[in-house]
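Visitor: Structure below; questions to follow.
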4 protein chains.
Amino acid sequence: MFAPSARRKPKQRRAQQTVEAVLDAVVKILKRDGVDAVTTNRIAEVAGVSIGSVYQYFIDKRAIFLALHDRHVEEIGRLVERTIVEHAASSLENVLRALVEAVVDAHAPDPKLYELLHTEAPHRAEGARHLAERLRGALRLVISSRMGELKIPSDLESVLFVVTHMVDALSHGAVLRRPPRMSLAEAKEEAVRAILVYLRA
Amino acid sequence: MFAPSARRKPKQRRAQQTVEAVLDAVVKILKRDGVDAVTTNRIAEVAGVSIGSVYQYFIDKRAIFLALHDRHVEEIGRLVERTIVEHAASSLENVLRALVEAVVDAHAPDPKLYELLHTEAPHRAEGARHLAERLRGALRLVISSRMGELKIPSDLESVLFVVTHMVDALSHGAVLRRPPRMSLAEAKEEAVRAILVYLRA
Amino acid sequence: MFAPSARRKPKQRRAQQTVEAVLDAVVKILKRDGVDAVTTNRIAEVAGVSIGSVYQYFIDKRAIFLALHDRHVEEIGRLVERTIVEHAASSLENVLRALVEAVVDAHAPDPKLYELLHTEAPHRAEGARHLAERLRGALRLVISSRMGELKIPSDLESVLFVVTHMVDALSHGAVLRRPPRMSLAEAKEEAVRAILVYLRA
Amino acid sequence: MFAPSARRKPKQRRAQQTVEAVLDAVVKILKRDGVDAVTTNRIAEVAGVSIGSVYQYFIDKRAIFLALHDRHVEEIGRLVERTIVEHAASSLENVLRALVEAVVDAHAPDPKLYELLHTEAPHRAEGARHLAERLRGALRLVISSRMGELKIPSDLESVLFVVTHMVDALSHGAVLRRPPRMSLAEAKEEAVRAILVYLRA
DNA sequence: CATGAATGAGTGTTCATTCAT
DNA sequence: AATGAATGAACACTCATTCAT
């Protein structure tokens, strides 16, 4: 076909719209009334579709949460990947800073929502993609492309294990669990510093 | 009497036994059949008490999960505190290694259970004590008692923020999310190394 | 179409059918097994609908009883109003006799049921229409349209207060609490005589 | 024995005290929190006795309400009987006025409570004494002792049927259901007038 | 495909009652 | 007798899911 991505079959577009409306509805209810208010009938109502239509696109309630979680992972994943590409030529410090910044900024506007997405969504379900895997992939690129500069010791995998968890935990921690008197900026700065120190050791 | 604290009022002992039986029952069901199988009637059955008795000690189902989460936090909290006391005279490296070891060992026997405890229990509820707070308190002691050796820069709080999240995330990560080919021992070792590097920087 | 009112929107007709079926079910259970047997699940079963459907039309159990009470009040109310209209040209004695007759006959087939409706239904709830109000309205019409004949003294409201309670209490009393050796006919006759004597005084 | 009624066995006195405490507790809860709050455990708590003791004196919950209803009937019954005795020498008008006055005054302080006593208590239960019977007995005395003055027609029972219901319904009506702009005094007065008119006809 | 009324298994919870102490 | 912790049958009600229209 000539412009395959530009024009979809109306059916598919319709489907995509419904799926998005459903996921947005979940987010809306989650924010407004909490997890317990998220019932399938309420989702349908808020999404403006019939409950029957919801079940046309999602096999069960679990699948809705799974899709929402996947959408979140995809969003952050893309953000992370775009960030490292954009900073391919930057110093290590700058990539890392941009990375932490990106993750923090993505979660900052609605920390509670993303907390719920991490805790309530059945993301332990089969086939759920973990954000950590995407992040690890990205960080592997960041680090391996700077191997000379970094004189990484024996095992890259060990380093990736640590760095991935540091970026993830410190970014989320900065948004959700930083000590009372610490600013978001301070938290981010110290996080970046910590990661750098580890990588340069 | 020789050990006056050994004998308590039977009433209180009975109550405590029931509470423990209920919490243990939840753990048992959680492990055996998953979260959705944890119904109040099932809890009572497995705990070997009547459903009425369960409600004598817990105002509602939520309260049961909350108590379970608190018990877990208390257990790990005590473990952490005992560990730093026992290693008061050890080198920084040894305390940290012992700390990571303790947290990892506490979670290793049943990773899935503790994952559930973190994700499914309503630990966002009012009054829930976060493990992180206990850990931060312990680490404050570890670090501030070694201030000379460490030449910690300007802000102790920032350091604590980072170290707390590193211990927590890397310990849990070691148990739950380490890369396929990495052993638990390797993960622990690299975690300790990373924390040391950061603190000595 | 020829009889446009004969066909309603299926939705509304369906709903009305279910509501009626539920109320009839309550009556059936009430008569057969008493008040304590009236559980929501039993209602659904006897009504031939699912318990879920019952809750589609009634917000809670209370609402079912309220609706039943309202239906009863409406039924008797209409009966009373029809009676006075039909006897607009009759003598006072005849209207009153017809009125007492109507109320008695409406309750006679199932005295116990109507006793329950008066005592068990939560008719003290908000918005519950009292039968007495309907009756008072009707009697106001009866009396005020015969003012000349009756030379009612100063206060019509006082007279209405008395007459309303006499019709209500004597009719119900005739059905439910007349002395052992008194026939229903005798009770009705004496009731009518008493009301007439009072009005003509 | 010398003074049999003055001194009871302590046991019996204790029992009587408990029974009274329980009935008073029901009244207290009824007034404070409504019918649904009247649970057996709550009764025991408010009465200041153990739930076990409640069941020592009442076979089941039903029996508690029955006893409360009986106590109420007894109270009003005695009041009615005392009134007619005290007015043995009064004119018919004065006895009736005193009677209506007595019943109204007994109910006026807490209309809602007595409404509940009439509607919620299982007074249809076996063996429940009806207030109407007591009232009928008293009125039989009032009327039959004035037979000459009254030239009552053929059937005394019919007259009693009507008068009993008039006293009962108009007294209760005066307290609970009189029209908005009618004073209690007006209602009582009109009630007495109506009964007199009927009896003198 | 869309609809949404209908379904009913299953839930959390209550509360009258018992009985070991 | 008195206690009150324990009991568990039974309840009102929810909500994920289906399917006739």
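Every chain in the structure tokens has a letter given in the order shown (A, B, ...), and although residue numbers restart at 1 in each chain, ligands are simply numbered from 1 in the order shown.
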Counting only C-alpha atoms (C1' of nucleotides), a student should be able to say which residues of chain F come within 8 Å of chain B; what is the right answer, written as an MDAnalysis selection string?

Guide: chainID F and resid 6:8

Visitor: Residues near C:Leu141, anyone? I mean within 10 Å using only C-alpha atoms (C1' of nucleotides), not counting same-chain ones fewer than 6 positions away, as a PyMOL selection string.

Guide: chain C and resi 81+84-85+88

Visitor: Report as CSV the residues of chain E within 10 Å of chain C, each with its shortest atom pair and distance in Å (one decimal), using only C-alpha atoms (C1' of nucleotides), ordered by chain and increasing residue number.

Guide:
residue,atom,partner,partner_atom,distance
E:DA5,C1',C:Ser53,CA,8.2
E:DA6,C1',C:Ser53,CA,6.3
E:DT7,C1',C:Ser50,CA,6.2
E:DG8,C1',C:Ser50,CA,6.8

Visitor: Give as a PyMOL selection string every residue of chain B that touches chain A within 8 Å, counting only C-alpha atoms.

Guide: chain B and resi 118-120+157-159+161-162+165-166+169-170+173+178-179+182+186-187+190-191+194+197-198+201

Visitor: Taking 3 positions as the minimum chain separation for residues in the same chain, which residues sit within 7 Å of stretch 31-37 of chain A when counting only C-alpha atoms (C1' of nucleotides)? Answer as number ranges by chain.

Guide: A: 27-28, 113

Visitor: Take the residues from that selection and put them in a file with all heavy atoms, as a short mmCIF file (atom, residue, chain, number, x, y, z; two decimals), in the first residue's frame.

Guide:
data_model
loop_
_atom_site.label_atom_id
_atom_site.label_comp_id
_atom_site.auth_asym_id
_atom_site.auth_seq_id
_atom_site.Cartn_x
_atom_site.Cartn_y
_atom_site.Cartn_z
N VAL A 27 -8.14 5.65 34.11
CA VAL A 27 -7.28 6.67 34.73
C VAL A 27 -8.14 7.72 35.44
O VAL A 27 -7.88 8.09 36.59
CB VAL A 27 -6.38 7.35 33.68
CG1 VAL A 27 -5.69 8.58 34.27
CG2 VAL A 27 -5.35 6.36 33.16
N LYS A 28 -9.19 8.16 34.75
CA LYS A 28 -10.07 9.19 35.30
C LYS A 28 -10.70 8.73 36.62
O LYS A 28 -10.71 9.45 37.62
CB LYS A 28 -11.17 9.51 34.27
CG LYS A 28 -11.47 10.99 34.13
CD LYS A 28 -12.49 11.24 33.02
CE LYS A 28 -11.84 11.52 31.67
NZ LYS A 28 -12.81 11.76 30.59
N LEU A 113 -1.29 8.49 40.77
CA LEU A 113 -1.75 7.63 39.71
C LEU A 113 -0.71 6.57 39.36
O LEU A 113 -1.02 5.39 39.21
CB LEU A 113 -2.08 8.46 38.46
CG LEU A 113 -2.33 7.64 37.20
CD1 LEU A 113 -3.59 6.81 37.37
CD2 LEU A 113 -2.44 8.54 35.99
#

Visitor: Can you measure atom CA of D:His69 to atom CA of D:Val26 for me? One decimal in Å is fine.

Guide: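 These two atoms are separated by 11.1 Å.
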
Visitor: Find the residues around C:Lys61 up to 12 Å (only C-alpha atoms (C1' of nucleotides) counted), leave out those fewer than 2 positions away in its own chain, and share them as a PyMOL selection string.

Guide: (chain C and resi 22-23+26+38-44+51+54-59+63-68+121-122) or (chain F and resi 11-13)

Visitor: Take the residues from that selection and put them in a file with N, CA and C atoms (P, O5', C5', C4', C3', O3' and C1' of nucleotides), as a tab-separated table (two decimals), in the first residue's frame.

Guide:
chain	number	residue	atom	x	y	z
C	22	VAL	N	-41.88	-8.11	41.58
C	22	VAL	CA	-41.16	-8.07	42.86
C	22	VAL	C	-42.14	-7.78	43.99
C	23	LEU	N	-42.99	-6.80	43.80
C	23	LEU	CA	-43.95	-6.46	44.86
C	23	LEU	C	-44.92	-7.63	45.12
C	26	VAL	N	-43.21	-10.22	47.21
C	26	VAL	CA	-43.17	-9.88	48.63
C	26	VAL	C	-44.49	-10.25	49.29
C	38	VAL	N	-39.05	-12.93	54.27
C	38	VAL	CA	-38.88	-12.01	53.14
C	38	VAL	C	-37.43	-11.55	53.03
C	39	THR	N	-36.62	-12.35	52.37
C	39	THR	CA	-35.23	-11.97	52.11
C	39	THR	C	-35.11	-11.54	50.65
C	40	THR	N	-34.11	-10.77	50.37
C	40	THR	CA	-34.01	-10.25	49.00
C	40	THR	C	-33.83	-11.38	47.99
C	41	ASN	N	-33.08	-12.38	48.37
C	41	ASN	CA	-32.87	-13.48	47.44
C	41	ASN	C	-34.17	-14.27	47.21
C	42	ARG	N	-34.92	-14.43	48.28
C	42	ARG	CA	-36.19	-15.13	48.16
C	42	ARG	C	-37.15	-14.32	47.29
C	43	ILE	N	-37.16	-13.03	47.46
C	43	ILE	CA	-38.00	-12.17	46.64
C	43	ILE	C	-37.69	-12.38	45.16
C	44	ALA	N	-36.40	-12.34	44.85
C	44	ALA	CA	-35.98	-12.50	43.46
C	44	ALA	C	-36.45	-13.85	42.92
C	51	ILE	N	-31.56	-11.73	41.37
C	51	ILE	CA	-31.39	-10.76	42.46
C	51	ILE	C	-30.79	-9.46	41.92
C	54	VAL	N	-33.50	-7.23	40.67
C	54	VAL	CA	-34.21	-6.57	41.76
C	54	VAL	C	-33.49	-5.27	42.13
C	55	TYR	N	-32.18	-5.35	42.20
C	55	TYR	CA	-31.41	-4.18	42.59
C	55	TYR	C	-31.27	-3.16	41.46
C	56	GLN	N	-31.70	-3.55	40.28
C	56	GLN	CA	-31.74	-2.58	39.18
C	56	GLN	C	-32.89	-1.60	39.40
C	57	TYR	N	-33.91	-2.09	40.07
C	57	TYR	CA	-35.12	-1.28	40.22
C	57	TYR	C	-35.36	-0.75	41.63
C	58	PHE	N	-34.69	-1.37	42.59
C	58	PHE	CA	-34.85	-0.91	43.97
C	58	PHE	C	-33.47	-0.72	44.58
C	59	ILE	N	-33.28	0.43	45.17
C	59	ILE	CA	-31.93	0.75	45.66
C	59	ILE	C	-31.53	-0.13	46.82
C	63	ALA	N	-36.47	0.02	50.11
C	63	ALA	CA	-37.19	0.61	48.99
C	63	ALA	C	-38.29	-0.31	48.46
C	64	ILE	N	-38.06	-1.59	48.57
C	64	ILE	CA	-39.08	-2.55	48.12
C	64	ILE	C	-40.32	-2.43	49.00
C	65	PHE	N	-40.10	-2.42	50.31
C	65	PHE	CA	-41.24	-2.31	51.22
C	65	PHE	C	-41.95	-0.97	51.05
C	66	LEU	N	-41.16	0.05	50.84
C	66	LEU	CA	-41.73	1.38	50.65
C	66	LEU	C	-42.64	1.39	49.43
C	67	ALA	N	-42.15	0.79	48.36
C	67	ALA	CA	-42.93	0.76	47.13
C	67	ALA	C	-44.22	-0.05	47.32
C	68	LEU	N	-44.10	-1.12	48.08
C	68	LEU	CA	-45.28	-1.94	48.33
C	68	LEU	C	-46.32	-1.15	49.13
C	121	ALA	N	-43.99	-2.44	57.10
C	121	ALA	CA	-43.39	-1.61	56.06
C	121	ALA	C	-42.89	-0.32	56.69
C	122	PRO	N	-41.77	0.15	56.23
C	122	PRO	CA	-41.18	1.36	56.82
C	122	PRO	C	-41.93	2.59	56.34
F	11	DC	P	-31.77	-15.47	55.73
F	11	DC	O5'	-31.25	-14.02	55.40
F	11	DC	C5'	-31.16	-13.06	56.47
F	11	DC	C4'	-30.24	-11.96	56.06
F	11	DC	C3'	-30.53	-11.48	54.65
F	11	DC	O3'	-31.33	-10.31	54.73
F	11	DC	C1'	-28.16	-11.69	55.09
F	12	DA	P	-32.04	-9.77	53.51
F	12	DA	O5'	-30.98	-8.66	53.14
F	12	DA	C5'	-30.64	-7.66	54.09
F	12	DA	C4'	-29.49	-6.83	53.55
F	12	DA	C3'	-29.83	-6.11	52.24
F	12	DA	O3'	-29.17	-4.85	52.27
F	12	DA	C1'	-28.06	-7.64	51.86
F	13	DC	P	-29.48	-3.81	51.16
F	13	DC	O5'	-28.30	-4.12	50.14
F	13	DC	C5'	-26.96	-4.07	50.61
F	13	DC	C4'	-26.02	-4.61	49.58
F	13	DC	C3'	-26.18	-4.03	48.17
F	13	DC	O3'	-25.05	-3.19	47.98
F	13	DC	C1'	-25.75	-6.39	48.14

Visitor: Give the helix (DSSP H, G or I) residues of stretch 6-149 of chain D, as assigned by DSSP on the backbone, as a VMD selection string.

Guide: chain D and resid 10 to 33 35 to 37 40 to 47 51 to 57 61 to 86 92 to 107 111 to 119 131 to 144 147 to 149

Visitor: Would you work out the distance separating atom CA of A:Asp70 from atom CA of A:Leu135, expressed in Å to one decimal?

Guide: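 Here the two named atoms are 14.2 Å from each other.
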
Visitor: So the first atom is atom CA of C:Leu79 and the second is atom CA of C:Asn94; what is the distance between them in Å, to one decimal place?

Guide: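 Between atom CA of C:Leu79 and atom CA of C:Asn94 the gap is 15.7 Å.
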